[in-house]
There are 2 protein chains.
Amino acid sequence: MHHEEHLKSSDMLRDIVIGMSDGLTVPFALAAGLSGAVDSTAVIVLAGMAEIAAGSIAMGLGGFLAGKTEQDHYNSELKKEYWEVDNLPEKERDEVRDFFQTLGLSKEVQDKAVDVLTKDKDCWVEFMMKHELGLDKPDPKRARKSAFNIGSSYIVGGLVPLSPYFFIHDAVEALKISVVITLICLFIFGFFKSKITGVNAWTGGLKVMMIGAAAAGAAFGIARLIEAG
Amino acid sequence: MHHEEHLKSSDMLRDIVIGMSDGLTVPFALAAGLSGAVDSTAVIVLAGMAEIAAGSIAMGLGGFLAGKTEQDHYNSELKKEYWEVDNLPEKERDEVRDFFQTLGLSKEVQDKAVDVLTKDKDCWVEFMMKHELGLDKPDPKRARKSAFNIGSSYIVGGLVPLSPYFFIHDAVEALKISVVITLICLFIFGFFKSKITGVNAWTGGLKVMMIGAAAAGAAFGIARLIEAG
């Protein structure tokens, strides 16, 4: 089953995609929104940096928690399966048989398959975990790696749209440059993300770019409305 | 295999968790950060509302895209499998056999299982999709539902920490109330989220609350540093 290894090696990519996609979009939209309502870039840099700090920590720790929860969930289900195999072996044998029955195998083949699989307790439990519950053993370092990858991708992504505001003191001028470089980065990001997932890269890049533009447009509109109201 | 239905019915819950978890945390942290650096709540409301607009649209459209990508990925893999079954039936038969070999079944049982499964083309392809690639058929309305659920949860979550700033004009006073109500909401949210995922609800609530507090603390610190520098 080559699919799993493929999935595991792409865990890091998935984390980068999670962090970068929000990191490029939300600080960009926030800065764009504020550019429509305040003149000084000092407030925008302040809000943008606070957002990047908040977002990277929230998402990074969120990824850490998700990794830990996955691990805990796996361990608690594993314990349950061992208990069931020890205490309700007949019920568990029936579940293995059900699996092969669902595949449409004959009664005789089912019995043979069940006999082989229930011979070794560890194999039996592993089979139940994988095919009854659909759970693969998670990497124990996954949570920490995930937190780091998501958090740092968010920071890198967030600094892109914010960088013009560091150097240009007119908010609208900085916004123009921010829009150009961020939309380019969103397109490139969407392009490669789509290449990895195997969908059309050009439309993928365009879609990601349009999400960023929509979010920035909405933030700009809302900020304008509040400022005017 | 009861696990899948369980997964599907919890898709909505997962979306709400995704939206609410960031919605409660990031606008909270942003507002807290700005409270340490600006006196007037007007700027905080402005930045907070821009953030909620940006975040809900970015995350909602992100969810939409993820749903669409999942659907596209499934369809493209489905087409590939049909093509392979039509054009490389021997290779595909071997893959079915490999699956049963990995389970440790005897040669004879493997052959019988392969014969049954490859009789009907649709069943054969479905088997390959599910057990070789680990893909379940996605709900076609999933992308739109997901976008709505994530986006609205983000808005609901984000208005909680921001609400005190609407009514109180002193930023530090508003922050105090925002901290209290948001930490309570984060705890309640984490509590029920953990109940659903089956991990300890009290520690789960505490962890989610601590992520929010850490993000808010970091944003506060960063904003203070920038303001002072």
# chains A, B, ... in the order shown; residues from 1 in each chain; ligands from 1
>>> select_by_dssp(residues="stretch 2-227 of chain B", states="alpha helix (DSSP H)", output="PyMOL selection string")
chain B and resi 2-9+11-35+41-87+89-102+107-117+121-127+142-167+171-197+201-227
>>> residues_around(residues="stretch 161-165 of chain B", least_positions_apart="2", cutoff="6 Å", atoms="only C-alpha atoms", output="number ranges by chain")
B: 28, 41, 159, 167-168, 174, 178, 182
>>> residues_around(residues="B:Val179", least_positions_apart="4", cutoff="12 Å", atoms="only C-alpha atoms", output="PyMOL selection string")
chain B and resi 24-25+27-33+35+160-165+171-175+183-187+209-210+212-217
>>> closest_residue(among="A:Ala53, A:Ala66, A:Val85, A:Ile44", to="chain B", atoms="only C-alpha atoms")
A:Ala53
>>> residues_around(residues="B:Gly62", least_positions_apart="6", cutoff="10 Å", atoms="only C-alpha atoms", output="MDAnalysis selection string")
(chainID A and resid 18 21:22 207:208 211:212) or (chainID B and resid 56 68 143 146:147 150:151)
>>> write_last_selection(atoms="N, CA and C atoms", output="compact mmCIF listing (two decimals), in the first residue's frame")
# COMPACT_ATOMS: atom_id res chain seq x y z
N ILE A 18 -0.92 24.67 4.99
CA ILE A 18 -1.86 25.22 5.99
C ILE A 18 -1.39 26.58 6.49
N SER A 21 -0.93 29.35 3.54
CA SER A 21 -2.16 29.79 2.89
C SER A 21 -2.88 30.84 3.73
N ASP A 22 -2.97 30.63 5.04
CA ASP A 22 -3.56 31.66 5.90
C ASP A 22 -2.61 32.82 6.12
N LYS A 207 -7.23 30.34 -8.46
CA LYS A 207 -8.23 30.25 -7.39
C LYS A 207 -7.69 30.78 -6.07
N VAL A 208 -6.47 30.34 -5.73
CA VAL A 208 -5.86 30.78 -4.47
C VAL A 208 -5.68 32.30 -4.49
N ILE A 211 -9.03 33.96 -3.85
CA ILE A 211 -9.43 33.92 -2.44
C ILE A 211 -8.78 35.08 -1.69
N GLY A 212 -7.47 35.25 -1.92
CA GLY A 212 -6.75 36.34 -1.28
C GLY A 212 -7.35 37.69 -1.65
N SER B 56 -12.84 35.14 7.87
CA SER B 56 -13.99 34.28 7.54
C SER B 56 -14.02 33.97 6.05
N LYS B 68 -13.65 21.13 -3.02
CA LYS B 68 -13.62 20.97 -4.49
C LYS B 68 -12.41 20.13 -4.91
N ALA B 143 -18.41 21.02 -0.54
CA ALA B 143 -17.60 22.23 -0.65
C ALA B 143 -18.39 23.47 -0.23
N SER B 146 -19.29 23.35 3.49
CA SER B 146 -18.08 23.55 4.27
C SER B 146 -17.72 25.03 4.33
N ALA B 147 -17.80 25.72 3.19
CA ALA B 147 -17.48 27.15 3.14
C ALA B 147 -18.41 27.93 4.07
N ILE B 150 -17.70 26.97 7.94
CA ILE B 150 -16.44 27.51 8.44
C ILE B 150 -16.52 29.04 8.56
N GLY B 151 -17.00 29.68 7.49
CA GLY B 151 -17.09 31.14 7.49
C GLY B 151 -17.97 31.68 8.59
>>> closest_residue(among="A:Val156, A:Met12, A:Ile226, A:Val96", to="chain B", atoms="only C-alpha atoms")
A:Ile226
>>> atom_distance(atom1="atom CA of B:Ser153", atom2="atom CA of A:Ile57")
19.9 Å
>>> closest_residue(among="B:Glu51, B:Asp115, B:Glu92, B:Glu126", to="chain A", atoms="only C-alpha atoms")
B:Glu51
>>> atom_distance(atom1="atom CA of A:Phe191", atom2="atom CA of A:Gly205")
4.1 Å
>>> closest_residue(among="A:Gly67, A:Gly48, A:Gly158, A:Pro138", to="chain B", atoms="only C-alpha atoms")
A:Gly48
>>> residues_around(residues="stretch 195-199 of chain B", least_positions_apart="5", cutoff="10 Å", atoms="only C-alpha atoms", output="PDB file with N, CA and C atoms, in the first residue's frame")
ATOM      1  N   THR A  69      -3.855  15.126  19.685  1.00  0.00           N
ATOM      2  CA  THR A  69      -5.180  14.513  19.759  1.00  0.00           C
ATOM      3  C   THR A  69      -5.234  13.264  18.894  1.00  0.00           C
ATOM      4  N   GLU A  70      -4.620  13.362  17.711  1.00  0.00           N
ATOM      5  CA  GLU A  70      -4.582  12.218  16.808  1.00  0.00           C
ATOM      6  C   GLU A  70      -3.871  11.043  17.491  1.00  0.00           C
ATOM      7  N   ASP A  72      -3.390  10.615  20.794  1.00  0.00           N
ATOM      8  CA  ASP A  72      -4.200  10.133  21.917  1.00  0.00           C
ATOM      9  C   ASP A  72      -5.348   9.265  21.434  1.00  0.00           C
ATOM     10  N   HIS A  73      -5.992   9.736  20.360  1.00  0.00           N
ATOM     11  CA  HIS A  73      -7.119   9.000  19.794  1.00  0.00           C
ATOM     12  C   HIS A  73      -6.672   7.614  19.353  1.00  0.00           C
ATOM     13  N   SER A  76      -5.931   5.451  22.442  1.00  0.00           N
ATOM     14  CA  SER A  76      -7.106   5.016  23.194  1.00  0.00           C
ATOM     15  C   SER A  76      -7.876   3.956  22.401  1.00  0.00           C
ATOM     16  N   GLU A  77      -7.931   4.102  21.072  1.00  0.00           N
ATOM     17  CA  GLU A  77      -8.604   3.089  20.249  1.00  0.00           C
ATOM     18  C   GLU A  77      -7.818   1.777  20.263  1.00  0.00           C
TER      19      GLU A  77
ATOM     20  N   SER B  10     -20.043  13.917  11.000  1.00  0.00           N
ATOM     21  CA  SER B  10     -19.283  14.862  11.816  1.00  0.00           C
ATOM     22  C   SER B  10     -18.517  15.870  10.970  1.00  0.00           C
ATOM     23  N   LEU B  13     -19.520  19.298  12.118  1.00  0.00           N
ATOM     24  CA  LEU B  13     -18.867  19.609  13.392  1.00  0.00           C
ATOM     25  C   LEU B  13     -17.402  19.982  13.177  1.00  0.00           C
ATOM     26  N   ARG B  14     -16.744  19.249  12.298  1.00  0.00           N
ATOM     27  CA  ARG B  14     -15.343  19.535  12.020  1.00  0.00           C
ATOM     28  C   ARG B  14     -15.184  20.942  11.447  1.00  0.00           C
ATOM     29  N   PHE B 189     -15.657  25.868  24.419  1.00  0.00           N
ATOM     30  CA  PHE B 189     -15.453  25.339  23.070  1.00  0.00           C
ATOM     31  C   PHE B 189     -14.510  24.127  23.101  1.00  0.00           C
ATOM     32  N   GLY B 190     -13.379  24.275  23.781  1.00  0.00           N
ATOM     33  CA  GLY B 190     -12.414  23.179  23.886  1.00  0.00           C
ATOM     34  C   GLY B 190     -12.993  21.977  24.607  1.00  0.00           C
ATOM     35  N   GLY B 204      -8.774  19.121  27.681  1.00  0.00           N
ATOM     36  CA  GLY B 204      -8.979  19.665  26.335  1.00  0.00           C
ATOM     37  C   GLY B 204      -9.389  21.121  26.381  1.00  0.00           C
ATOM     38  N   GLY B 205     -10.340  21.441  27.252  1.00  0.00           N
ATOM     39  CA  GLY B 205     -10.790  22.820  27.410  1.00  0.00           C
ATOM     40  C   GLY B 205      -9.662  23.730  27.849  1.00  0.00           C
TER      41      GLY B 205
END
